[in-house]
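Peer 1: Got a structure here, written out as structure tokens. Questions coming.
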Amino acid sequence: MRPIIAGLPASKIREVANAGLGRSDVLPFWFGESDEATPDVVSEAAIASLRAGETFYSHNLGLPELREALAMHLSDLHGAVAADRIAVTSSGVSALMIASQLLVDAGDEVVAVVPVWPNITAQPAILGAKVRRVSLRVQGGAWVLDMPTLLEAITPSTRALLINAPNNPTGWTLTREEQQTLLAHCRQTGTWIVADEVYDRIYFEPDQRAAPSFLDIADASDRLIVTHSFSKSFLMTGWRLGSLVLPTGCSPDVAKLIEFNTSCAPVFVQRAGLAAVHHADAFVPGLVQRLKTCRDTLIPRLSALPGVSVSTPRGGMYAFFRVEGQDDSLAFAKRLVEQVGLGLAPGVAFGDEAEGWLRWCFASRDPGRLVDGVGRLSRALGL
Ligand SMILES: Cc1ncc(COP(=O)(O)O)c(C=O)c1O
């Protein structure tokens with residue numbers, strides 16, 4: 001086996017979840033998914049597709065009607081995106097892996113903004129790339145971008161910048177000005193930007209349908225790949241469907257890569273995705289409103305606890321916080337499961353930069369569960 005594979009760390013979130021295995025009294029907020037099931041209209045489309053006998057391969061890049069619908073959806077949100085720039089993938093994580101496979105050779109250097117969902121840094125490492133981590137920094141309890149440090153790290157030898165905003169786990173979101181600065185810099189250094197925008201629609205600022213996107217400001221010829229997922233905004237984590245927006249002309253090469261990865265996403269799953277995109281405007285704003293209620297239930301209660309520091313995320317579905325004196329996040333997360341049945345993700349799962357922090361996924365059908373969870377945390381802290 002390649003040593004890099006043997007050396008890959010096992011998921012520390014799973015390690016905490018395993019500590020609670022078989023216990024029905026645990027309130028689980030450790031994984032990045034809602035406890036709401038997929039909307040019926042989406043599931044019905046998959047069932048109809050199966051009943052119609054759509055059990056065969058599709059084009060590598062996805063059903064033309066899904067690529068077209070995604071292009072229209074993105075054009076509506078961000079300005080013209082042509083359907084031939086879209087590739088449908090079997091999940092957001094597969095979209096990210098394909099982006100790395102497209103760009104990264106063994107020995108290449110990539111820069112990643114961290115802390116971040118660990119798959120984003122593991123994928124180029126699996127391909128043999130050197131991953132340079134540039135950390136967000138904490139300012140007044142919130143995570144912010146240290147732009148001078150990031151710009152200094154991106155040089156003409158940087159093959160790609162990997163950046164996820166709205167960010168999992170910190171809730172940090174890029175501003176338009178930051179995006180403009182990064183795009184201008186990467187144009188100069190010839191660096192690709194791989195922007196993971198899977199939480200783009202989960203954005204809580206008033207009158208905004210989506211978080212700032214690189215698609216708003218880039219040209220179709222820019223070295224930019226944007227990855228999306230159906231998992232979060234359409235409650236479809238178990239379906240495994242995602243997509244890529246590519247520069248003009250890249251799709252035929254990506255089609256080859258998809259052929260060698262999964263060949264295509266299952267057709268009935270793509271039909272479900274098509275229904276999701278068609279009903280997006282009827283469905284997503286309500287989901288975002290429910291998630292905002294969750295956020296506004298959890299954050300004030302957390303920040304009212306003595307010793308807890310937390311900031312209010314503008315996007316995504318995570319509260320990222322720390323508790324004074326609790327510097328070993330894995331040990332603390334395990335203790336919370338064992339003592340009070342509270343399931344959170346340890347910050348260290350997202351990088352050493354986040355040691356001492358905890359991630360709480362607040363996507364819950366019933367905000368009362370969040371109140372219950374804060375009560376459990378408070379008990380564990382002896383408050
Ligand atoms: C930042 C980020 N990107 C991508 C994904 C992948 O989503 P999926 O593979 O479920 O489409 C996730 C899932 O948690 C995520 O948090």
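Ligands are numbered from 1 in the order shown, chains are lettered A, B, ... in the order of the structure tokens, and residues start at 1 in each chain.
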Run DSSP on the backbone and tell me which residues of stretch 192-254 of chain A come out as strand (DSSP E); list them as a list in words.

Peer 2: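 DSSP on the backbone gives strand (DSSP E) at Trp192, Ile193, Val194, Ala195, Asp196, Leu224, Ile225, Val226, Thr227, His228, Ser229, Gly242, Ser243, Leu244 and Val245 of chain A.
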
Peer 1: Could those residues be written to a file, using N, CA and C atoms, as a JSON list (two decimals), in the first residue's frame?

Peer 2:
[["chain", "number", "residue", "atom", "x", "y", "z"],
["A", 192, "TRP", "N", -4.84, 28.01, -9.95],
["A", 192, "TRP", "CA", -6.26, 27.65, -10.04],
["A", 192, "TRP", "C", -6.95, 27.92, -8.69],
["A", 193, "ILE", "N", -8.19, 28.33, -8.74],
["A", 193, "ILE", "CA", -9.00, 28.42, -7.52],
["A", 193, "ILE", "C", -10.01, 27.28, -7.57],
["A", 194, "VAL", "N", -9.99, 26.44, -6.52],
["A", 194, "VAL", "CA", -11.05, 25.44, -6.37],
["A", 194, "VAL", "C", -11.91, 25.93, -5.21],
["A", 195, "ALA", "N", -13.09, 26.44, -5.56],
["A", 195, "ALA", "CA", -13.96, 27.04, -4.55],
["A", 195, "ALA", "C", -15.08, 26.05, -4.21],
["A", 196, "ASP", "N", -15.08, 25.58, -2.96],
["A", 196, "ASP", "CA", -16.13, 24.69, -2.50],
["A", 196, "ASP", "C", -17.26, 25.56, -1.97],
["A", 224, "LEU", "N", -10.85, 28.65, -12.65],
["A", 224, "LEU", "CA", -11.74, 28.55, -11.49],
["A", 224, "LEU", "C", -12.61, 27.30, -11.64],
["A", 225, "ILE", "N", -12.65, 26.50, -10.57],
["A", 225, "ILE", "CA", -13.60, 25.38, -10.52],
["A", 225, "ILE", "C", -14.44, 25.58, -9.25],
["A", 226, "VAL", "N", -15.75, 25.59, -9.42],
["A", 226, "VAL", "CA", -16.64, 25.73, -8.27],
["A", 226, "VAL", "C", -17.35, 24.40, -8.07],
["A", 227, "THR", "N", -17.33, 23.90, -6.83],
["A", 227, "THR", "CA", -18.01, 22.63, -6.55],
["A", 227, "THR", "C", -19.29, 22.87, -5.76],
["A", 228, "HIS", "N", -20.30, 22.10, -6.13],
["A", 228, "HIS", "CA", -21.62, 22.19, -5.46],
["A", 228, "HIS", "C", -22.07, 20.79, -5.04],
["A", 229, "SER", "N", -23.05, 20.79, -4.16],
["A", 229, "SER", "CA", -23.63, 19.53, -3.70],
["A", 229, "SER", "C", -25.13, 19.69, -3.56],
["A", 242, "GLY", "N", -23.69, 15.73, -6.77],
["A", 242, "GLY", "CA", -23.03, 17.03, -6.74],
["A", 242, "GLY", "C", -22.77, 17.51, -8.15],
["A", 243, "SER", "N", -22.03, 18.61, -8.25],
["A", 243, "SER", "CA", -21.71, 19.11, -9.59],
["A", 243, "SER", "C", -20.50, 20.03, -9.54],
["A", 244, "LEU", "N", -19.97, 20.28, -10.72],
["A", 244, "LEU", "CA", -18.81, 21.16, -10.90],
["A", 244, "LEU", "C", -19.17, 22.23, -11.92],
["A", 245, "VAL", "N", -18.68, 23.45, -11.70],
["A", 245, "VAL", "CA", -18.69, 24.45, -12.77],
["A", 245, "VAL", "C", -17.25, 24.61, -13.21]]

Peer 1: Give me the residues near A:Glu355 as a ChimeraX atom specification, where near means some atom within 10 Å (using only C-alpha atoms) and where sequence neighbours in that chain fewer than 2 positions away do not count.

Peer 2: /A:115,322,326-330,346-353,357-358

Peer 1: Any chance you can output those residues with C-alpha atoms as a compact mmCIF listing (two decimals), in the first residue's frame?

Peer 2:
# COMPACT_ATOMS: atom_id res chain seq x y z
CA PRO A 115 -9.60 24.85 9.44
CA ARG A 322 -14.76 26.92 22.51
CA GLN A 326 -11.15 22.66 27.52
CA ASP A 327 -8.10 22.43 25.30
CA ASP A 328 -8.35 18.77 24.22
CA SER A 329 -11.39 18.79 21.93
CA LEU A 330 -11.42 15.03 21.27
CA PRO A 346 -14.17 17.87 17.98
CA GLY A 347 -12.44 20.89 16.42
CA VAL A 348 -9.22 18.92 15.93
CA ALA A 349 -11.05 16.83 13.29
CA PHE A 350 -10.72 19.92 11.06
CA GLY A 351 -7.03 20.51 11.72
CA ASP A 352 -4.68 21.30 14.57
CA GLU A 353 -5.56 24.98 14.03
CA TRP A 357 -12.94 24.11 19.51
CA LEU A 358 -16.16 22.14 19.01

Peer 1: Could you pull the residues within 10 Å of A:Arg369, counting only C-alpha atoms, minus those fewer than 5 positions along the same chain, as an NGL selection string?

Peer 2: :A and (27-29 or 294 or 298 or 362 or 364 or 374-375)

Peer 1: With a cut-off of 10 Å, could you pull out the residues of chain A touching ligand 1 and give me the nearest pair of atoms for each, distance in Å to one decimal, using only C-alpha atoms and all ligand atoms, ordered by chain and ascending number, as CSV?

Peer 2:
residue,atom,partner,partner_atom_place_in_ligand_line,distance
A:Phe31,CA,ligand 1,14 (O),7.7
A:Gly32,CA,ligand 1,14 (O),5.1
A:Glu33,CA,ligand 1,14 (O),7.3
A:Thr89,CA,ligand 1,11 (O),8.9
A:Ser90,CA,ligand 1,11 (O),7.8
A:Ser91,CA,ligand 1,11 (O),3.9
A:Gly92,CA,ligand 1,11 (O),3.2
A:Val93,CA,ligand 1,9 (O),3.9
A:Ser94,CA,ligand 1,9 (O),6.6
A:Ala95,CA,ligand 1,9 (O),8.0
A:Leu96,CA,ligand 1,4 (C),7.4
A:Val116,CA,ligand 1,1 (C),7.0
A:Trp117,CA,ligand 1,1 (C),5.4
A:Pro118,CA,ligand 1,1 (C),8.7
A:Asn119,CA,ligand 1,3 (N),7.9
A:Ile120,CA,ligand 1,3 (N),7.3
A:Ile163,CA,ligand 1,1 (C),9.0
A:Asn164,CA,ligand 1,1 (C),5.8
A:Ala165,CA,ligand 1,1 (C),7.6
A:Pro166,CA,ligand 1,1 (C),8.0
A:Asn167,CA,ligand 1,1 (C),6.3
A:Asn168,CA,ligand 1,1 (C),5.1
A:Pro169,CA,ligand 1,16 (O),7.6
A:Ala195,CA,ligand 1,3 (N),9.5
A:Asp196,CA,ligand 1,3 (N),5.9
A:Glu197,CA,ligand 1,3 (N),7.3
A:Val198,CA,ligand 1,3 (N),5.6
A:Tyr199,CA,ligand 1,1 (C),7.3
A:Thr227,CA,ligand 1,4 (C),7.8
A:His228,CA,ligand 1,11 (O),7.2
A:Ser229,CA,ligand 1,11 (O),4.3
A:Phe230,CA,ligand 1,11 (O),6.0
A:Ser231,CA,ligand 1,10 (O),4.9
A:Lys232,CA,ligand 1,10 (O),7.3
A:Leu235,CA,ligand 1,10 (O),9.6
A:Met236,CA,ligand 1,10 (O),7.7
A:Thr237,CA,ligand 1,10 (O),4.9
A:Gly238,CA,ligand 1,10 (O),7.3
A:Trp239,CA,ligand 1,10 (O),8.1
A:Arg240,CA,ligand 1,11 (O),5.8
A:Leu241,CA,ligand 1,11 (O),5.8
A:Gly242,CA,ligand 1,11 (O),5.4
A:Ser243,CA,ligand 1,11 (O),8.6
A:Gly316,CA,ligand 1,16 (O),8.8
A:Met317,CA,ligand 1,16 (O),9.5
A:Tyr318,CA,ligand 1,16 (O),9.9

Peer 1: Sort by chain and increasing residue number a table of all residues of stretch 42-81 of chain A within 9 Å of stretch 278-292 of chain A, each with its closest pair of atoms and their distance in Å to one decimal, counting only C-alpha atoms, and write it as a tab-separated table.

Peer 2:
residue	atom	partner	partner_atom	distance
A:Val42	CA	A:His279	CA	8.6
A:Ala69	CA	A:His278	CA	7.5
A:His73	CA	A:His278	CA	8.6

Peer 1: Identify which of the residues A:Gln123, A:Ser43, A:Thr297, A:Ser49 lies closest to A:Leu162, counting only C-alpha atoms when measuring atom-to-atom distances.

Peer 2: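 Looking only at the distances to A:Leu162, the closest residue turns out to be A:Gln123.
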
Peer 1: Counting only C-alpha atoms, figure out which residue out of A:Thr55, A:Leu151, A:Ala87, A:Gly7 gets nearest to A:Leu246.

Peer 2: A:Ala87

Peer 1: In stretch 102-215 of chain A, what's helix (DSSP H, G or I) per DSSP? Answer as a PyMOL selection string?

Peer 2: chain A and resi 102-103+119-126+147-153+176-189+214-215

Peer 1: If you count only C-alpha atoms, which residues fall within 10 Å of A:Leu336, apart from same-chain ones fewer than 4 positions away, as a list in words?

Peer 2: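 Contacts, with the query itself left out: Val16, Gly20, Val26, Leu330, Ala331, Phe332, Val340, Gly341, Leu342, Gly343, Leu344, Arg376, Leu377, Arg379, Ala380 and Leu381 of chain A.
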
Peer 1: What would the file look like if the residues just selected were written as a compact mmCIF listing (two decimals), in the first residue's frame with all heavy atoms?

Peer 2:
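Result saved to out-v4.txt:
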# COMPACT_ATOMS: atom_id res chain seq x y z
N VAL A 16 -15.68 9.94 17.90
CA VAL A 16 -16.61 10.41 18.94
C VAL A 16 -17.96 9.69 18.78
O VAL A 16 -18.55 9.21 19.76
CB VAL A 16 -16.81 11.94 18.87
CG1 VAL A 16 -17.84 12.40 19.89
CG2 VAL A 16 -15.49 12.65 19.08
N GLY A 20 -20.62 6.78 21.16
CA GLY A 20 -22.05 6.83 21.52
C GLY A 20 -22.87 5.75 20.84
O GLY A 20 -24.10 5.75 20.95
N VAL A 26 -28.48 9.62 23.23
CA VAL A 26 -27.54 10.65 22.77
C VAL A 26 -28.25 11.59 21.79
O VAL A 26 -28.98 11.15 20.89
CB VAL A 26 -26.31 9.99 22.08
CG1 VAL A 26 -25.40 11.06 21.48
CG2 VAL A 26 -25.54 9.13 23.06
N LEU A 330 -10.98 16.42 21.45
CA LEU A 330 -11.42 15.03 21.27
C LEU A 330 -11.84 14.44 22.63
O LEU A 330 -12.91 13.83 22.76
CB LEU A 330 -10.29 14.21 20.64
CG LEU A 330 -10.62 12.77 20.27
CD1 LEU A 330 -11.77 12.70 19.28
CD2 LEU A 330 -9.39 12.06 19.68
N ALA A 331 -11.01 14.67 23.63
CA ALA A 331 -11.32 14.14 24.97
C ALA A 331 -12.61 14.79 25.49
O ALA A 331 -13.47 14.11 26.08
CB ALA A 331 -10.15 14.42 25.92
N PHE A 332 -12.75 16.10 25.25
CA PHE A 332 -13.94 16.82 25.74
C PHE A 332 -15.20 16.31 25.02
O PHE A 332 -16.23 16.03 25.65
CB PHE A 332 -13.75 18.32 25.52
CG PHE A 332 -14.85 19.17 26.10
CD1 PHE A 332 -15.41 18.89 27.35
CD2 PHE A 332 -15.31 20.29 25.41
CE1 PHE A 332 -16.43 19.69 27.88
CE2 PHE A 332 -16.32 21.10 25.93
CZ PHE A 332 -16.87 20.80 27.16
N VAL A 340 -23.22 13.23 29.38
CA VAL A 340 -24.54 13.87 29.24
C VAL A 340 -25.25 13.52 27.93
O VAL A 340 -26.32 14.08 27.64
CB VAL A 340 -24.42 15.42 29.38
CG1 VAL A 340 -24.03 15.80 30.80
CG2 VAL A 340 -23.46 16.01 28.37
N GLY A 341 -24.65 12.64 27.10
CA GLY A 341 -25.31 12.24 25.86
C GLY A 341 -25.43 13.37 24.86
O GLY A 341 -26.46 13.50 24.18
N LEU A 342 -24.38 14.19 24.77
CA LEU A 342 -24.38 15.28 23.79
C LEU A 342 -23.32 14.97 22.74
O LEU A 342 -22.14 14.80 23.07
CB LEU A 342 -24.07 16.62 24.49
CG LEU A 342 -23.96 17.84 23.58
CD1 LEU A 342 -25.29 18.12 22.86
CD2 LEU A 342 -23.53 19.08 24.38
N GLY A 343 -23.73 14.88 21.47
CA GLY A 343 -22.82 14.47 20.40
C GLY A 343 -22.37 15.65 19.55
O GLY A 343 -23.13 16.17 18.74
N LEU A 344 -21.12 16.08 19.74
CA LEU A 344 -20.56 17.18 18.96
C LEU A 344 -19.29 16.72 18.25
O LEU A 344 -18.71 15.69 18.62
CB LEU A 344 -20.22 18.36 19.89
CG LEU A 344 -21.36 18.91 20.73
CD1 LEU A 344 -20.88 20.06 21.62
CD2 LEU A 344 -22.51 19.42 19.84
N ARG A 376 -27.65 20.17 28.40
CA ARG A 376 -26.72 19.07 28.68
C ARG A 376 -25.29 19.59 28.78
O ARG A 376 -24.51 19.17 29.65
CB ARG A 376 -26.80 18.01 27.57
CG ARG A 376 -28.14 17.29 27.57
CD ARG A 376 -28.20 16.27 26.45
NE ARG A 376 -29.54 15.69 26.37
CZ ARG A 376 -29.80 14.43 26.06
NH1 ARG A 376 -28.81 13.60 25.77
NH2 ARG A 376 -31.02 13.99 26.01
N LEU A 377 -24.92 20.51 27.89
CA LEU A 377 -23.57 21.08 27.93
C LEU A 377 -23.36 21.79 29.26
O LEU A 377 -22.32 21.64 29.92
CB LEU A 377 -23.38 22.06 26.76
CG LEU A 377 -22.06 22.82 26.72
CD1 LEU A 377 -20.88 21.85 26.55
CD2 LEU A 377 -22.04 23.83 25.56
N ARG A 379 -24.82 21.24 32.05
CA ARG A 379 -24.67 20.24 33.13
C ARG A 379 -23.26 19.67 33.16
O ARG A 379 -22.63 19.53 34.21
CB ARG A 379 -25.66 19.09 32.93
CG ARG A 379 -26.86 19.20 33.87
CD ARG A 379 -27.65 17.89 33.93
NE ARG A 379 -28.34 17.67 32.67
CZ ARG A 379 -28.39 16.52 32.02
NH1 ARG A 379 -27.77 15.46 32.48
NH2 ARG A 379 -29.06 16.39 30.88
N ALA A 380 -22.74 19.36 31.96
CA ALA A 380 -21.38 18.78 31.88
C ALA A 380 -20.34 19.76 32.42
O ALA A 380 -19.31 19.34 32.94
CB ALA A 380 -21.06 18.42 30.44
N LEU A 381 -20.64 21.06 32.29
CA LEU A 381 -19.67 22.06 32.75
C LEU A 381 -19.90 22.40 34.23
O LEU A 381 -19.23 23.27 34.78
CB LEU A 381 -19.78 23.33 31.89
CG LEU A 381 -19.41 23.15 30.41
CD1 LEU A 381 -19.68 24.43 29.62
CD2 LEU A 381 -17.96 22.73 30.26

Peer 1: At a cut-off of 8 Å, can you tabulate as a tab-separated table every residue of stretch 77-144 of chain A near stretch 257-261 of chain A together with its closest atom pair and the distance in Å to one decimal, using only C-alpha atoms and ordering rows by chain then number?

Peer 2:
residue	atom	partner	partner_atom	distance
A:Thr89	CA	A:Ile258	CA	7.5
A:Ile98	CA	A:Leu257	CA	6.7
A:Gln101	CA	A:Leu257	CA	7.7
A:Leu102	CA	A:Leu257	CA	7.6

Peer 1: Using N, CA, C and O atoms, can you write the selected residues to a file as a PDB file, in the first residue's frame?

Peer 2:
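So the final result, stored in part_18.pdb, reads:
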ATOM      1  N   THR A  89     -21.800  15.135 -10.795  1.00  0.00           N
ATOM      2  CA  THR A  89     -20.926  14.143 -10.144  1.00  0.00           C
ATOM      3  C   THR A  89     -21.709  13.365  -9.095  1.00  0.00           C
ATOM      4  O   THR A  89     -22.780  13.794  -8.663  1.00  0.00           O
ATOM      5  N   ILE A  98     -12.482  15.014  -8.209  1.00  0.00           N
ATOM      6  CA  ILE A  98     -12.267  15.148  -9.651  1.00  0.00           C
ATOM      7  C   ILE A  98     -11.517  16.453  -9.943  1.00  0.00           C
ATOM      8  O   ILE A  98     -10.611  16.483 -10.785  1.00  0.00           O
ATOM      9  N   GLN A 101      -7.969  15.706  -9.166  1.00  0.00           N
ATOM     10  CA  GLN A 101      -7.385  14.806 -10.185  1.00  0.00           C
ATOM     11  C   GLN A 101      -7.106  15.560 -11.485  1.00  0.00           C
ATOM     12  O   GLN A 101      -6.164  15.253 -12.207  1.00  0.00           O
ATOM     13  N   LEU A 102      -7.929  16.548 -11.764  1.00  0.00           N
ATOM     14  CA  LEU A 102      -7.765  17.336 -12.991  1.00  0.00           C
ATOM     15  C   LEU A 102      -6.525  18.223 -12.918  1.00  0.00           C
ATOM     16  O   LEU A 102      -5.847  18.447 -13.913  1.00  0.00           O
TER      17      LEU A 102
END

Peer 1: Counting only C-alpha atoms, figure out which residue out of A:Lys130, A:Arg365, A:Arg51, A:Arg359 gets nearest to A:Glu36.

Peer 2: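 Closest residue, counting only C-alpha atoms: A:Arg365.
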
Peer 1: Which of these residues is nearest to A:Ala345, using only C-alpha atoms: A:Trp30, A:Ser24, A:Leu183, A:Val267?

Peer 2: A:Trp30

Peer 1: If we count only C-alpha atoms, what is near A:Asp84 at a cut-off of 9 Å, once residues fewer than 4 positions away on the same chain are taken out, given as an MDAnalysis selection string?

Peer 2: chainID A and resid 67:68 71 246 248:249 251

Peer 1: Ranking A:Asp219, A:Thr158, A:Leu150, A:Val337 by minimum distance to A:Gly22 and counting only C-alpha atoms, which one comes first?

Peer 2: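 So, comparing all the options, the nearest one is A:Val337.
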
Peer 1: For A:Leu302, please output as a PDB file with N, CA, C and O atoms, in the first residue's frame all residues within 10 Å (counting only C-alpha atoms; exclusion window: fewer than 5 positions along the same chain).

Peer 2:
ATOM      1  N   THR A 297     -31.615  30.151  17.838  1.00  0.00           N
ATOM      2  CA  THR A 297     -31.962  29.475  19.086  1.00  0.00           C
ATOM      3  C   THR A 297     -30.672  29.090  19.810  1.00  0.00           C
ATOM      4  O   THR A 297     -30.537  29.272  21.031  1.00  0.00           O
ATOM      5  N   GLY A 307     -17.716  31.211  30.129  1.00  0.00           N
ATOM      6  CA  GLY A 307     -16.543  30.507  29.605  1.00  0.00           C
ATOM      7  C   GLY A 307     -16.670  30.065  28.162  1.00  0.00           C
ATOM      8  O   GLY A 307     -15.715  29.562  27.577  1.00  0.00           O
ATOM      9  N   VAL A 308     -17.865  30.256  27.545  1.00  0.00           N
ATOM     10  CA  VAL A 308     -18.043  29.827  26.155  1.00  0.00           C
ATOM     11  C   VAL A 308     -17.858  31.016  25.223  1.00  0.00           C
ATOM     12  O   VAL A 308     -18.451  32.076  25.442  1.00  0.00           O
ATOM     13  N   SER A 309     -17.013  30.865  24.195  1.00  0.00           N
ATOM     14  CA  SER A 309     -16.973  31.912  23.171  1.00  0.00           C
ATOM     15  C   SER A 309     -17.409  31.338  21.831  1.00  0.00           C
ATOM     16  O   SER A 309     -16.980  30.272  21.417  1.00  0.00           O
ATOM     17  N   VAL A 310     -18.311  32.104  21.199  1.00  0.00           N
ATOM     18  CA  VAL A 310     -18.910  31.664  19.940  1.00  0.00           C
ATOM     19  C   VAL A 310     -19.301  32.910  19.167  1.00  0.00           C
ATOM     20  O   VAL A 310     -19.606  33.945  19.770  1.00  0.00           O
ATOM     21  N   SER A 311     -19.271  32.817  17.829  1.00  0.00           N
ATOM     22  CA  SER A 311     -19.746  33.956  17.044  1.00  0.00           C
ATOM     23  C   SER A 311     -20.921  33.485  16.188  1.00  0.00           C
ATOM     24  O   SER A 311     -21.142  32.283  16.036  1.00  0.00           O
ATOM     25  N   ALA A 319     -22.396  25.872  14.458  1.00  0.00           N
ATOM     26  CA  ALA A 319     -21.882  26.764  15.493  1.00  0.00           C
ATOM     27  C   ALA A 319     -20.507  26.222  15.851  1.00  0.00           C
ATOM     28  O   ALA A 319     -20.354  25.019  16.084  1.00  0.00           O
ATOM     29  N   PHE A 321     -17.458  26.752  18.487  1.00  0.00           N
ATOM     30  CA  PHE A 321     -17.261  27.461  19.760  1.00  0.00           C
ATOM     31  C   PHE A 321     -16.170  26.795  20.584  1.00  0.00           C
ATOM     32  O   PHE A 321     -15.765  25.669  20.319  1.00  0.00           O
ATOM     33  N   ARG A 322     -15.694  27.548  21.590  1.00  0.00           N
ATOM     34  CA  ARG A 322     -14.756  26.921  22.510  1.00  0.00           C
ATOM     35  C   ARG A 322     -15.156  27.217  23.937  1.00  0.00           C
ATOM     36  O   ARG A 322     -15.863  28.181  24.219  1.00  0.00           O
ATOM     37  N   VAL A 323     -14.709  26.333  24.812  1.00  0.00           N
ATOM     38  CA  VAL A 323     -15.019  26.460  26.232  1.00  0.00           C
ATOM     39  C   VAL A 323     -13.692  26.640  26.959  1.00  0.00           C
ATOM     40  O   VAL A 323     -12.777  25.834  26.784  1.00  0.00           O
ATOM     41  N   LEU A 370     -32.060  21.619  20.347  1.00  0.00           N
ATOM     42  CA  LEU A 370     -30.869  22.447  20.566  1.00  0.00           C
ATOM     43  C   LEU A 370     -30.876  22.998  21.989  1.00  0.00           C
ATOM     44  O   LEU A 370     -29.844  23.035  22.666  1.00  0.00           O
ATOM     45  N   VAL A 371     -32.068  23.389  22.447  1.00  0.00           N
ATOM     46  CA  VAL A 371     -32.200  23.907  23.810  1.00  0.00           C
ATOM     47  C   VAL A 371     -31.831  22.798  24.798  1.00  0.00           C
ATOM     48  O   VAL A 371     -31.077  23.019  25.761  1.00  0.00           O
ATOM     49  N   GLY A 373     -29.866  20.329  24.195  1.00  0.00           N
ATOM     50  CA  GLY A 373     -28.422  20.129  24.079  1.00  0.00           C
ATOM     51  C   GLY A 373     -27.633  21.133  24.901  1.00  0.00           C
ATOM     52  O   GLY A 373     -26.652  20.771  25.575  1.00  0.00           O
ATOM     53  N   VAL A 374     -28.063  22.389  24.866  1.00  0.00           N
ATOM     54  CA  VAL A 374     -27.342  23.415  25.646  1.00  0.00           C
ATOM     55  C   VAL A 374     -27.480  23.106  27.139  1.00  0.00           C
ATOM     56  O   VAL A 374     -26.519  23.265  27.906  1.00  0.00           O
ATOM     57  N   GLY A 375     -28.646  22.619  27.528  1.00  0.00           N
ATOM     58  CA  GLY A 375     -28.846  22.214  28.928  1.00  0.00           C
ATOM     59  C   GLY A 375     -27.853  21.123  29.317  1.00  0.00           C
ATOM     60  O   GLY A 375     -27.264  21.136  30.392  1.00  0.00           O
ATOM     61  N   LEU A 377     -24.923  20.506  27.892  1.00  0.00           N
ATOM     62  CA  LEU A 377     -23.570  21.079  27.934  1.00  0.00           C
ATOM     63  C   LEU A 377     -23.364  21.790  29.262  1.00  0.00           C
ATOM     64  O   LEU A 377     -22.325  21.638  29.921  1.00  0.00           O
ATOM     65  N   SER A 378     -24.358  22.543  29.641  1.00  0.00           N
ATOM     66  CA  SER A 378     -24.280  23.305  30.870  1.00  0.00           C
ATOM     67  C   SER A 378     -24.107  22.361  32.083  1.00  0.00           C
ATOM     68  O   SER A 378     -23.306  22.624  32.988  1.00  0.00           O
TER      69      SER A 378
END
